[in-house]
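S.K.: One file is attached below, protein_21.tsv, containing TSV, C-alpha atoms and all ligand atoms.
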```
chain	number	residue	atom	x	y	z
A	1	MET	CA	178.59	99.25	168.31
A	2	GLN	CA	174.89	98.99	169.12
A	3	ASP	CA	172.69	97.25	166.53
A	4	LYS	CA	170.25	99.50	164.72
A	5	HIS	CA	166.62	99.12	165.75
A	6	PRO	CA	164.78	96.91	163.19
A	7	LEU	CA	162.38	99.80	162.50
A	8	ARG	CA	165.28	102.07	161.54
A	9	VAL	CA	166.49	99.35	159.14
A	10	LEU	CA	162.97	99.11	157.68
A	11	GLN	CA	162.78	102.90	157.26
A	12	GLU	CA	166.07	102.83	155.33
A	13	GLU	CA	164.68	100.08	153.08
A	14	ILE	CA	161.52	102.11	152.51
A	15	ARG	CA	163.49	105.25	151.62
A	16	ALA	CA	165.39	103.26	149.00
A	17	CYS	CA	162.24	101.84	147.39
A	18	THR	CA	161.68	102.59	143.68
A	19	ARG	CA	158.96	100.02	142.87
A	20	CYS	CA	156.45	102.51	141.46
A	21	GLU	CA	159.08	104.42	139.51
A	22	ASP	CA	160.40	101.14	138.07
A	23	ALA	CA	156.84	100.16	137.08
A	24	GLY	CA	156.34	103.55	135.39
A	25	TYR	CA	153.56	104.75	137.74
A	26	ILE	CA	155.43	107.82	138.98
A	27	PRO	CA	158.32	109.82	137.51
A	28	GLU	CA	160.35	109.91	140.72
A	29	ALA	CA	160.13	107.77	143.84
A	30	ARG	CA	160.99	109.71	146.98
A	31	PRO	CA	159.43	107.69	149.80
A	32	LEU	CA	158.66	109.40	153.08
A	33	THR	CA	158.47	107.78	156.50
A	34	ALA	CA	159.13	109.28	159.94
A	35	GLY	CA	158.59	108.26	163.52
A	36	ASP	CA	160.01	106.49	166.54
A	37	PRO	CA	159.78	102.76	167.27
A	38	ALA	CA	157.77	103.39	170.47
A	39	ALA	CA	155.40	105.96	168.94
A	40	PRO	CA	151.98	105.45	170.59
A	41	PHE	CA	150.24	107.25	167.72
A	42	MET	CA	150.33	106.77	163.98
A	43	VAL	CA	148.81	108.87	161.21
A	44	ILE	CA	147.93	107.07	157.99
A	45	GLY	CA	146.99	109.39	155.14
A	46	GLN	CA	146.67	109.03	151.40
A	47	ALA	CA	150.11	109.93	150.00
A	48	PRO	CA	152.65	112.75	150.34
A	49	SER	CA	151.79	116.09	148.77
A	50	ARG	CA	153.98	117.94	146.28
A	51	THR	CA	155.27	120.15	149.13
A	52	ALA	CA	156.10	117.08	151.20
A	53	HIS	CA	157.87	115.59	148.17
A	54	GLU	CA	159.87	118.75	147.51
A	55	THR	CA	160.83	119.34	151.15
A	56	ALA	CA	161.22	115.64	151.97
A	57	THR	CA	159.05	116.26	155.05
A	58	PHE	CA	155.86	114.31	155.58
A	59	TYR	CA	152.55	116.17	156.10
A	60	ARG	CA	153.61	119.54	154.74
A	61	GLY	CA	151.59	121.75	152.42
A	62	PRO	CA	148.13	123.14	153.28
A	63	ALA	CA	146.47	119.80	154.11
A	64	GLY	CA	149.40	118.59	156.21
A	65	GLU	CA	149.64	121.88	158.11
A	66	ARG	CA	145.94	121.70	158.86
A	67	LEU	CA	146.28	118.17	160.17
A	68	ARG	CA	149.16	119.33	162.38
A	69	SER	CA	146.93	122.13	163.73
A	70	TRP	CA	144.23	119.56	164.62
A	71	PHE	CA	146.81	117.60	166.61
A	72	VAL	CA	147.92	120.79	168.39
A	73	GLU	CA	144.24	121.45	169.21
A	74	ALA	CA	144.16	117.97	170.75
A	75	GLY	CA	147.11	118.87	173.01
A	76	PHE	CA	150.08	117.56	171.00
A	77	THR	CA	153.20	119.63	170.31
A	78	LEU	CA	154.58	120.13	166.83
A	79	GLU	CA	157.68	118.23	167.96
A	80	ASP	CA	155.48	115.15	168.49
A	81	PHE	CA	154.95	114.97	164.74
A	82	GLY	CA	157.35	112.45	163.25
A	83	THR	CA	158.49	111.27	166.69
A	84	ARG	CA	155.73	110.06	169.04
A	85	VAL	CA	153.22	110.50	166.21
A	86	TYR	CA	154.44	108.12	163.51
A	87	LEU	CA	153.83	109.43	159.99
A	88	ALA	CA	152.68	106.99	157.34
A	89	ALA	CA	150.43	106.83	154.30
A	90	VAL	CA	148.76	104.30	152.03
A	91	THR	CA	151.48	105.11	149.49
A	92	LYS	CA	154.72	106.83	150.47
A	93	CYS	CA	155.59	108.78	147.33
A	94	PHE	CA	153.98	111.83	145.75
A	95	PRO	CA	151.69	110.37	143.05
A	96	GLY	CA	151.64	113.51	140.87
A	97	ARG	CA	148.66	115.57	139.86
A	98	VAL	CA	145.50	114.65	137.99
A	99	PRO	CA	146.36	115.66	134.39
A	100	GLY	CA	145.31	119.25	133.73
A	101	SER	CA	144.43	119.87	137.40
A	102	SER	CA	146.06	121.04	140.62
A	103	THR	CA	144.54	118.09	142.52
A	104	ASP	CA	146.81	115.26	143.63
A	105	ARG	CA	146.13	112.00	141.86
A	106	LEU	CA	144.68	109.17	143.95
A	107	PRO	CA	147.28	106.39	143.96
A	108	SER	CA	146.08	103.51	141.80
A	109	ARG	CA	145.21	100.12	143.24
A	110	ALA	CA	148.43	98.78	141.75
A	111	GLU	CA	150.51	101.43	143.56
A	112	GLN	CA	148.60	100.80	146.78
A	113	ALA	CA	149.32	97.07	146.47
A	114	LEU	CA	153.03	97.70	145.84
A	115	CYS	CA	153.32	99.95	148.90
A	116	ARG	CA	151.08	98.04	151.31
A	117	PRO	CA	153.75	95.62	152.57
A	118	TRP	CA	155.84	98.58	153.81
A	119	LEU	CA	152.89	99.99	155.74
A	120	ASP	CA	151.93	96.61	157.18
A	121	ARG	CA	155.49	96.11	158.44
A	122	GLU	CA	155.56	99.60	160.00
A	123	VAL	CA	152.27	98.97	161.81
A	124	GLU	CA	153.51	95.56	162.95
A	125	MET	CA	156.78	96.95	164.32
A	126	VAL	CA	155.45	100.14	165.92
A	127	ARG	CA	152.19	98.62	167.20
A	128	PRO	CA	150.67	102.06	167.87
A	129	ALA	CA	147.89	102.25	170.43
A	130	VAL	CA	146.05	104.82	168.30
A	131	ILE	CA	145.88	105.11	164.52
A	132	VAL	CA	144.47	108.30	163.01
A	133	LEU	CA	143.07	107.64	159.55
A	134	PHE	CA	143.35	110.85	157.57
A	135	GLY	CA	141.01	110.97	154.59
A	136	GLY	CA	138.75	108.64	152.67
A	137	LEU	CA	141.39	106.38	151.15
A	138	ALA	CA	142.98	105.49	154.49
A	139	ILE	CA	139.58	105.20	156.19
A	140	GLY	CA	138.26	102.91	153.44
A	141	THR	CA	141.42	100.82	153.53
A	142	PHE	CA	141.54	100.23	157.27
A	143	LEU	CA	138.06	100.83	158.68
A	144	SER	CA	134.99	101.13	156.51
A	145	ARG	CA	133.73	102.46	153.21
A	146	ALA	CA	130.67	103.97	154.93
A	147	PRO	CA	130.08	107.71	154.33
A	148	LEU	CA	132.43	109.97	156.31
A	149	LYS	CA	129.54	111.51	158.25
A	150	GLU	CA	128.87	108.09	159.81
A	151	LEU	CA	132.49	107.67	160.90
A	152	VAL	CA	134.07	111.03	161.78
A	153	GLY	CA	133.54	112.01	165.43
A	154	LYS	CA	133.77	108.40	166.66
A	155	THR	CA	136.50	105.99	167.73
A	156	PHE	CA	136.68	102.35	166.71
A	157	ASP	CA	138.53	99.69	168.70
A	158	ARG	CA	139.87	96.79	166.67
A	159	ASP	CA	142.29	94.16	167.95
A	160	GLY	CA	143.61	96.39	170.73
A	161	THR	CA	144.10	99.46	168.50
A	162	THR	CA	141.95	102.59	168.60
A	163	TYR	CA	141.15	104.03	165.17
A	164	ILE	CA	140.16	107.67	164.82
A	165	PRO	CA	138.94	108.70	161.35
A	166	LEU	CA	139.40	112.32	160.30
A	167	PRO	CA	138.44	113.92	156.98
A	168	HIS	CA	141.07	114.94	154.48
A	169	SER	CA	141.68	118.66	154.71
A	170	SER	CA	142.94	119.38	151.20
A	171	GLY	CA	141.42	122.27	149.26
A	172	ALA	CA	140.08	119.70	146.78
A	173	SER	CA	137.66	118.34	149.39
A	174	THR	CA	134.45	120.26	150.01
A	175	TRP	CA	133.32	118.02	152.86
A	176	LEU	CA	134.34	120.52	155.53
A	177	ASN	CA	132.33	123.32	153.92
A	178	ASP	CA	129.24	121.94	155.65
A	179	PRO	CA	128.90	123.27	159.27
A	180	ALA	CA	127.50	119.89	160.37
A	181	HIS	CA	130.64	118.21	159.09
A	182	ARG	CA	132.85	120.75	160.86
A	183	ALA	CA	130.99	119.86	164.08
A	184	LEU	CA	131.84	116.19	163.45
A	185	LEU	CA	135.48	117.14	162.92
A	186	ALA	CA	135.46	118.96	166.29
A	187	GLU	CA	134.17	115.73	167.87
A	188	GLY	CA	136.90	113.79	166.08
A	189	ILE	CA	139.55	116.14	167.48
A	190	GLY	CA	137.92	115.62	170.89
A	191	CYS	CA	138.35	111.84	170.42
A	192	LEU	CA	142.03	112.42	169.67
A	193	ARG	CA	142.41	114.59	172.79
A	194	GLU	CA	140.80	111.89	174.95
A	195	ALA	CA	143.07	109.22	173.45
A	196	ARG	CA	146.15	111.39	174.13
A	197	GLU	CA	145.08	112.03	177.74
A	198	ARG	CA	144.46	108.30	178.26
A	199	ILE	CA	147.89	107.39	176.92
A	200	ASP	CA	149.69	110.21	178.75
A	201	ARG	CA	148.23	108.89	182.04
A	202	VAL	CA	149.81	105.44	181.57
A	301	LIG	S1	154.84	104.55	146.67
A	301	LIG	FE1	155.60	102.93	148.03
A	301	LIG	S2	155.96	101.13	146.73
A	301	LIG	FE2	155.80	102.94	145.40
A	301	LIG	S3	157.94	103.59	145.11
A	301	LIG	FE3	157.08	104.79	146.81
A	301	LIG	S4	157.63	103.60	148.65
A	301	LIG	FE4	157.90	102.25	146.89
```
Would you encode the structure as structure tokens?
M.R.:
Amino acid sequence: MQDKHPLRVLQEEIRACTRCEDAGYIPEARPLTAGDPAAPFMVIGQAPSRTAHETATFYRGPAGERLRSWFVEAGFTLEDFGTRVYLAAVTKCFPGRVPGSSTDRLPSRAEQALCRPWLDREVEMVRPAVIVLFGGLAIGTFLSRAPLKELVGKTFDRDGTTYIPLPHSSGASTWLNDPAHRALLAEGIGCLREARERIDRV
């Protein structure tokens, strides 16, 4: 029998993780991870949404669907999502809502620290050529805490990896209400298209 790829073993370990539930940060750990070992692209977002949690499918719900549509605009197929586009997040479980609100809670620093080793190991094993940072938390964690308008619409090359920052598309964010910001998003999608074309040529 063929040995399982080390990434598949890691994904099984991740799916069995209950660190944040054990620490009392979340009521139910249901970690999400999806993607192939040779995926040239990786998305790193904030955390799974309630819809993603309930359907056990990463990047579902309004924000996830919008992100998928941006990838389609950049020439990807929906089948690429979770295969050649590796799906990851700063924390891998739904963090719950802000009390009294329909907005998802930002994972605490403690939760981020508990989950970070999983993400670091995924990045190390997959070694994606392009990482799309989806939203302020992922952008601040991996790239810069500068305002989004200074980052979206550009690519950043670090240690052989191309980073493409995109704004979060949840209804809770008003950033995309500004036409100038939507123009930056269009440039960001253009960066993603160029990166895909470059990689597809190889
Ligand atoms: S968020 Fe990360 S560290 Fe916390 S339980 Fe889920 S997988 Fe484990």
S.K.: I'd like to know which of A:Gly190, A:Gly82, A:Gly100, A:Gly61 is closest to A:Lys154, using only C-alpha atoms.
M.R.: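 For A:Lys154, the nearest of the candidates is A:Gly190.
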S.K.: How close does chain A get to ligand LIG 301 (chain A)? List, as JSON lines, each residue of chain A within 6 Å, its nearest atom pair and the distance in Å to one decimal, counting only C-alpha atoms and all ligand atoms.
M.R.:
```
{"residue": "A:Ile14", "atom": "CA", "partner": "A:LIG301", "partner_atom": "S4", "distance": 5.7}
{"residue": "A:Cys17", "atom": "CA", "partner": "A:LIG301", "partner_atom": "FE4", "distance": 4.4}
{"residue": "A:Thr18", "atom": "CA", "partner": "A:LIG301", "partner_atom": "S3", "distance": 4.1}
{"residue": "A:Arg19", "atom": "CA", "partner": "A:LIG301", "partner_atom": "S3", "distance": 4.3}
{"residue": "A:Cys20", "atom": "CA", "partner": "A:LIG301", "partner_atom": "FE2", "distance": 4.0}
{"residue": "A:Glu21", "atom": "CA", "partner": "A:LIG301", "partner_atom": "S3", "distance": 5.8}
{"residue": "A:Ala29", "atom": "CA", "partner": "A:LIG301", "partner_atom": "S3", "distance": 4.9}
{"residue": "A:Pro31", "atom": "CA", "partner": "A:LIG301", "partner_atom": "S4", "distance": 4.6}
{"residue": "A:Thr91", "atom": "CA", "partner": "A:LIG301", "partner_atom": "S1", "distance": 4.4}
{"residue": "A:Lys92", "atom": "CA", "partner": "A:LIG301", "partner_atom": "S1", "distance": 4.4}
{"residue": "A:Cys93", "atom": "CA", "partner": "A:LIG301", "partner_atom": "FE3", "distance": 4.3}
{"residue": "A:Glu111", "atom": "CA", "partner": "A:LIG301", "partner_atom": "FE2", "distance": 5.8}
{"residue": "A:Leu114", "atom": "CA", "partner": "A:LIG301", "partner_atom": "S2", "distance": 4.6}
{"residue": "A:Cys115", "atom": "CA", "partner": "A:LIG301", "partner_atom": "S2", "distance": 3.6}
```
S.K.: Between atom CA of A:Glu187 and atom CA of A:Asp157, measure the distance and give it in Å to one decimal.
M.R.: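 Atom CA of A:Asp157 lies at a distance of 16.6 Å from atom CA of A:Glu187.
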S.K.: Just checking: using only C-alpha atoms, which residue out of A:Ala129, A:Ile199, A:Ala47, A:Leu32 ends up closest to A:Pro95?
M.R.: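 Using only C-alpha atoms, A:Pro95 sits closest to A:Ala47.
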S.K.: Mind pulling up the distance from atom CA of A:Glu13 to atom CA of A:Arg66?
M.R.: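 Spanning atom CA of A:Arg66 to atom CA of A:Glu13 is a straight-line distance of 29.2 Å.
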S.K.: Per residue of stretch 68-156 of chain A within 12 Å of stretch 166-184 of chain A, what are the shortest atom pair and its distance in Å to one decimal, counting all atoms listed in the file, with rows by chain and residue number, as CSV?
M.R.:
```
residue,atom,partner,partner_atom,distance
A:Arg68,CA,A:Ser169,CA,10.7
A:Ser69,CA,A:Ser169,CA,11.0
A:Trp70,CA,A:Leu166,CA,9.7
A:Phe71,CA,A:Leu166,CA,11.1
A:Arg97,CA,A:Ala172,CA,11.8
A:Val98,CA,A:Ala172,CA,11.5
A:Ser101,CA,A:Ala172,CA,10.3
A:Ser102,CA,A:Ala172,CA,8.7
A:Thr103,CA,A:Ala172,CA,6.4
A:Asp104,CA,A:Ala172,CA,8.7
A:Arg105,CA,A:Ala172,CA,11.0
A:Leu106,CA,A:Ala172,CA,11.8
A:Ile131,CA,A:Leu166,CA,10.6
A:Val132,CA,A:Leu166,CA,7.0
A:Leu133,CA,A:Leu166,CA,6.0
A:Phe134,CA,A:Leu166,CA,5.0
A:Gly135,CA,A:His168,CA,4.0
A:Gly136,CA,A:Pro167,CA,6.8
A:Leu137,CA,A:His168,CA,9.2
A:Ala138,CA,A:His168,CA,9.6
A:Ile139,CA,A:Leu166,CA,8.2
A:Gly140,CA,A:Pro167,CA,11.6
A:Leu143,CA,A:Leu166,CA,11.7
A:Pro147,CA,A:Pro167,CA,10.7
A:Leu148,CA,A:Pro167,CA,7.2
A:Lys149,CA,A:His181,CA,6.8
A:Glu150,CA,A:Leu184,CA,9.4
A:Leu151,CA,A:Leu166,CA,8.4
A:Val152,CA,A:Leu166,CA,5.7
A:Gly153,CA,A:Leu184,CA,4.9
A:Lys154,CA,A:Leu184,CA,8.6
A:Thr155,CA,A:Leu166,CA,10.2
```
S.K.: Take the selection from the previous step and output its residues with C-alpha atoms, as a PDB file, in the frame of the given file.
M.R.:
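For reference, out33.pdb as written:
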```
ATOM      1  CA  ARG A  68     149.160 119.330 162.380  1.00  0.00           C
ATOM      2  CA  SER A  69     146.930 122.130 163.730  1.00  0.00           C
ATOM      3  CA  TRP A  70     144.230 119.560 164.620  1.00  0.00           C
ATOM      4  CA  PHE A  71     146.810 117.600 166.610  1.00  0.00           C
ATOM      5  CA  ARG A  97     148.660 115.570 139.860  1.00  0.00           C
ATOM      6  CA  VAL A  98     145.500 114.650 137.990  1.00  0.00           C
ATOM      7  CA  SER A 101     144.430 119.870 137.400  1.00  0.00           C
ATOM      8  CA  SER A 102     146.060 121.040 140.620  1.00  0.00           C
ATOM      9  CA  THR A 103     144.540 118.090 142.520  1.00  0.00           C
ATOM     10  CA  ASP A 104     146.810 115.260 143.630  1.00  0.00           C
ATOM     11  CA  ARG A 105     146.130 112.000 141.860  1.00  0.00           C
ATOM     12  CA  LEU A 106     144.680 109.170 143.950  1.00  0.00           C
ATOM     13  CA  ILE A 131     145.880 105.110 164.520  1.00  0.00           C
ATOM     14  CA  VAL A 132     144.470 108.300 163.010  1.00  0.00           C
ATOM     15  CA  LEU A 133     143.070 107.640 159.550  1.00  0.00           C
ATOM     16  CA  PHE A 134     143.350 110.850 157.570  1.00  0.00           C
ATOM     17  CA  GLY A 135     141.010 110.970 154.590  1.00  0.00           C
ATOM     18  CA  GLY A 136     138.750 108.640 152.670  1.00  0.00           C
ATOM     19  CA  LEU A 137     141.390 106.380 151.150  1.00  0.00           C
ATOM     20  CA  ALA A 138     142.980 105.490 154.490  1.00  0.00           C
ATOM     21  CA  ILE A 139     139.580 105.200 156.190  1.00  0.00           C
ATOM     22  CA  GLY A 140     138.260 102.910 153.440  1.00  0.00           C
ATOM     23  CA  LEU A 143     138.060 100.830 158.680  1.00  0.00           C
ATOM     24  CA  PRO A 147     130.080 107.710 154.330  1.00  0.00           C
ATOM     25  CA  LEU A 148     132.430 109.970 156.310  1.00  0.00           C
ATOM     26  CA  LYS A 149     129.540 111.510 158.250  1.00  0.00           C
ATOM     27  CA  GLU A 150     128.870 108.090 159.810  1.00  0.00           C
ATOM     28  CA  LEU A 151     132.490 107.670 160.900  1.00  0.00           C
ATOM     29  CA  VAL A 152     134.070 111.030 161.780  1.00  0.00           C
ATOM     30  CA  GLY A 153     133.540 112.010 165.430  1.00  0.00           C
ATOM     31  CA  LYS A 154     133.770 108.400 166.660  1.00  0.00           C
ATOM     32  CA  THR A 155     136.500 105.990 167.730  1.00  0.00           C
TER      33      THR A 155
END
```
S.K.: Quick one: distance from atom CA of A:Val85 to atom CA of A:Ala39 in Å, one decimal?
M.R.: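 A separation of 5.7 Å between them.
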S.K.: Here is a test: counting only C-alpha atoms, which residue of A:Val130, A:Ile189, A:Ala113, A:Ile44 is nearest to A:Phe142?
M.R.: A:Ile44
S.K.: Have a look at A:Leu192, A:Ala110, A:Ala34, A:Leu87 and name the one nearest to A:Gln11; count only C-alpha atoms.
M.R.: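 Of the candidates, the smallest distance to A:Gln11 is held by A:Ala34.
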S.K.: Hey, what's within 12 Å of A:Thr83 if we count only C-alpha atoms and toss same-chain stuff fewer than 4 positions away? As a count of residues only, please?
M.R.: 19
S.K.: Calculated over only C-alpha atoms, which of the candidates A:Ala74, A:Thr162, A:Ala146, A:Gln112 has the smallest distance to A:Tyr25?
M.R.: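 Once distances to A:Tyr25 are computed over only C-alpha atoms, the minimum belongs to A:Gln112.
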S.K.: Out of A:Ile26, A:Leu10, A:Ala186, A:Ala63, which residue has the shortest atom-to-atom distance to A:Pro165 when counting only C-alpha atoms?
M.R.: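 Of all the options, A:Ala186 lies closest to A:Pro165.
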S.K.: From the coordinates I just gave you, please extract stretch 42-154 of chain A so that only C-alpha atoms remain, then output it as a compact mmCIF listing (two decimals), in the first residue's frame.
M.R.:
```txt
# COMPACT_ATOMS: atom_id res chain seq x y z
CA MET A 42 -3.07 29.37 -1.43
CA VAL A 43 -5.78 31.56 0.07
CA ILE A 44 -5.30 32.65 3.66
CA GLY A 45 -8.35 34.33 5.18
CA GLN A 46 -9.47 35.15 8.69
CA ALA A 47 -11.50 32.12 9.83
CA PRO A 48 -14.37 29.97 8.52
CA SER A 49 -17.83 31.53 8.46
CA ARG A 50 -20.90 30.02 10.09
CA THR A 51 -21.98 28.65 6.68
CA ALA A 52 -18.56 27.09 6.18
CA HIS A 53 -18.79 25.59 9.67
CA GLU A 54 -22.27 24.18 9.08
CA THR A 55 -21.51 22.79 5.62
CA ALA A 56 -17.93 21.76 6.48
CA THR A 57 -16.84 23.51 3.27
CA PHE A 58 -14.27 26.28 3.38
CA TYR A 59 -15.09 29.70 1.87
CA ARG A 60 -18.85 29.34 1.75
CA GLY A 61 -21.39 31.98 2.75
CA PRO A 62 -21.62 35.44 1.13
CA ALA A 63 -17.98 36.47 1.66
CA GLY A 64 -16.61 33.11 0.50
CA GLU A 65 -18.83 33.06 -2.58
CA ARG A 66 -17.66 36.55 -3.47
CA LEU A 67 -14.04 35.51 -3.13
CA ARG A 68 -14.73 32.53 -5.40
CA SER A 69 -16.27 34.91 -7.97
CA TRP A 70 -13.10 37.05 -7.90
CA PHE A 71 -11.03 33.96 -8.66
CA VAL A 72 -13.38 33.06 -11.53
CA GLU A 73 -12.93 36.62 -12.84
CA ALA A 74 -9.19 35.99 -12.76
CA GLY A 75 -9.64 32.89 -14.95
CA PHE A 76 -9.84 30.09 -12.36
CA THR A 77 -12.58 27.44 -12.38
CA LEU A 78 -14.69 26.68 -9.34
CA GLU A 79 -13.12 23.20 -9.32
CA ASP A 80 -9.74 24.84 -8.66
CA PHE A 81 -10.99 25.90 -5.24
CA GLY A 82 -9.79 23.41 -2.64
CA THR A 83 -7.56 21.62 -5.16
CA ARG A 84 -5.01 23.79 -6.98
CA VAL A 85 -6.06 26.73 -4.80
CA TYR A 86 -5.26 25.61 -1.27
CA LEU A 87 -7.73 26.91 1.31
CA ALA A 88 -6.40 28.09 4.64
CA ALA A 89 -7.05 30.72 7.29
CA VAL A 90 -5.38 32.34 10.28
CA THR A 91 -7.66 30.17 12.43
CA LYS A 92 -9.42 27.10 11.08
CA CYS A 93 -12.60 26.99 13.15
CA PHE A 94 -15.66 29.23 13.16
CA PRO A 95 -15.00 31.66 16.04
CA GLY A 96 -18.68 32.49 16.67
CA ARG A 97 -20.37 35.85 16.48
CA VAL A 98 -19.69 39.08 18.32
CA PRO A 99 -22.22 38.92 21.20
CA GLY A 100 -25.49 40.56 20.20
CA SER A 101 -24.40 40.96 16.56
CA SER A 102 -24.45 39.06 13.29
CA THR A 103 -20.75 39.84 12.70
CA ASP A 104 -18.22 37.05 13.07
CA ARG A 105 -15.88 37.52 16.00
CA LEU A 106 -12.23 38.23 15.20
CA PRO A 107 -10.23 35.28 16.56
CA SER A 108 -8.30 36.37 19.65
CA ARG A 109 -4.52 36.53 19.71
CA ALA A 110 -4.53 33.41 21.87
CA GLU A 111 -6.57 31.48 19.28
CA GLN A 112 -4.34 32.78 16.49
CA ALA A 113 -1.27 31.60 18.40
CA LEU A 114 -2.80 28.14 18.99
CA CYS A 115 -3.63 27.73 15.30
CA ARG A 116 -0.52 29.29 13.76
CA PRO A 117 1.65 26.14 13.85
CA TRP A 118 -0.90 24.33 11.64
CA LEU A 119 -0.82 27.13 9.07
CA ASP A 120 2.96 27.37 9.13
CA ARG A 121 3.24 23.64 8.47
CA GLU A 122 0.73 23.83 5.60
CA VAL A 123 2.66 26.69 3.98
CA GLU A 124 5.94 24.83 4.49
CA MET A 125 4.61 21.62 2.91
CA VAL A 126 2.66 23.13 0.02
CA ARG A 127 5.16 25.92 -0.75
CA PRO A 128 2.65 27.79 -2.92
CA ALA A 129 4.04 30.15 -5.53
CA VAL A 130 1.23 32.64 -4.84
CA ILE A 131 -0.52 33.41 -1.56
CA VAL A 132 -3.71 35.47 -1.66
CA LEU A 133 -4.26 37.26 1.65
CA PHE A 134 -7.98 37.73 2.10
CA GLY A 135 -8.84 40.49 4.56
CA GLY A 136 -7.10 42.65 7.10
CA LEU A 137 -6.20 39.98 9.63
CA ALA A 138 -4.35 37.79 7.11
CA ILE A 139 -2.76 40.82 5.44
CA GLY A 140 -1.57 42.21 8.79
CA THR A 141 -0.27 38.80 9.84
CA PHE A 142 1.75 38.05 6.72
CA LEU A 143 2.45 41.32 4.93
CA SER A 144 1.88 44.70 6.53
CA ARG A 145 -0.39 46.61 8.85
CA ALA A 146 -0.46 49.56 6.42
CA PRO A 147 -3.94 50.76 5.33
CA LEU A 148 -5.61 48.48 2.76
CA LYS A 149 -5.65 51.24 0.15
CA GLU A 150 -1.84 51.18 0.14
CA LEU A 151 -1.71 47.41 -0.39
CA VAL A 152 -4.67 46.21 -2.49
CA GLY A 153 -3.97 46.33 -6.24
CA LYS A 154 -0.29 45.40 -5.81
```
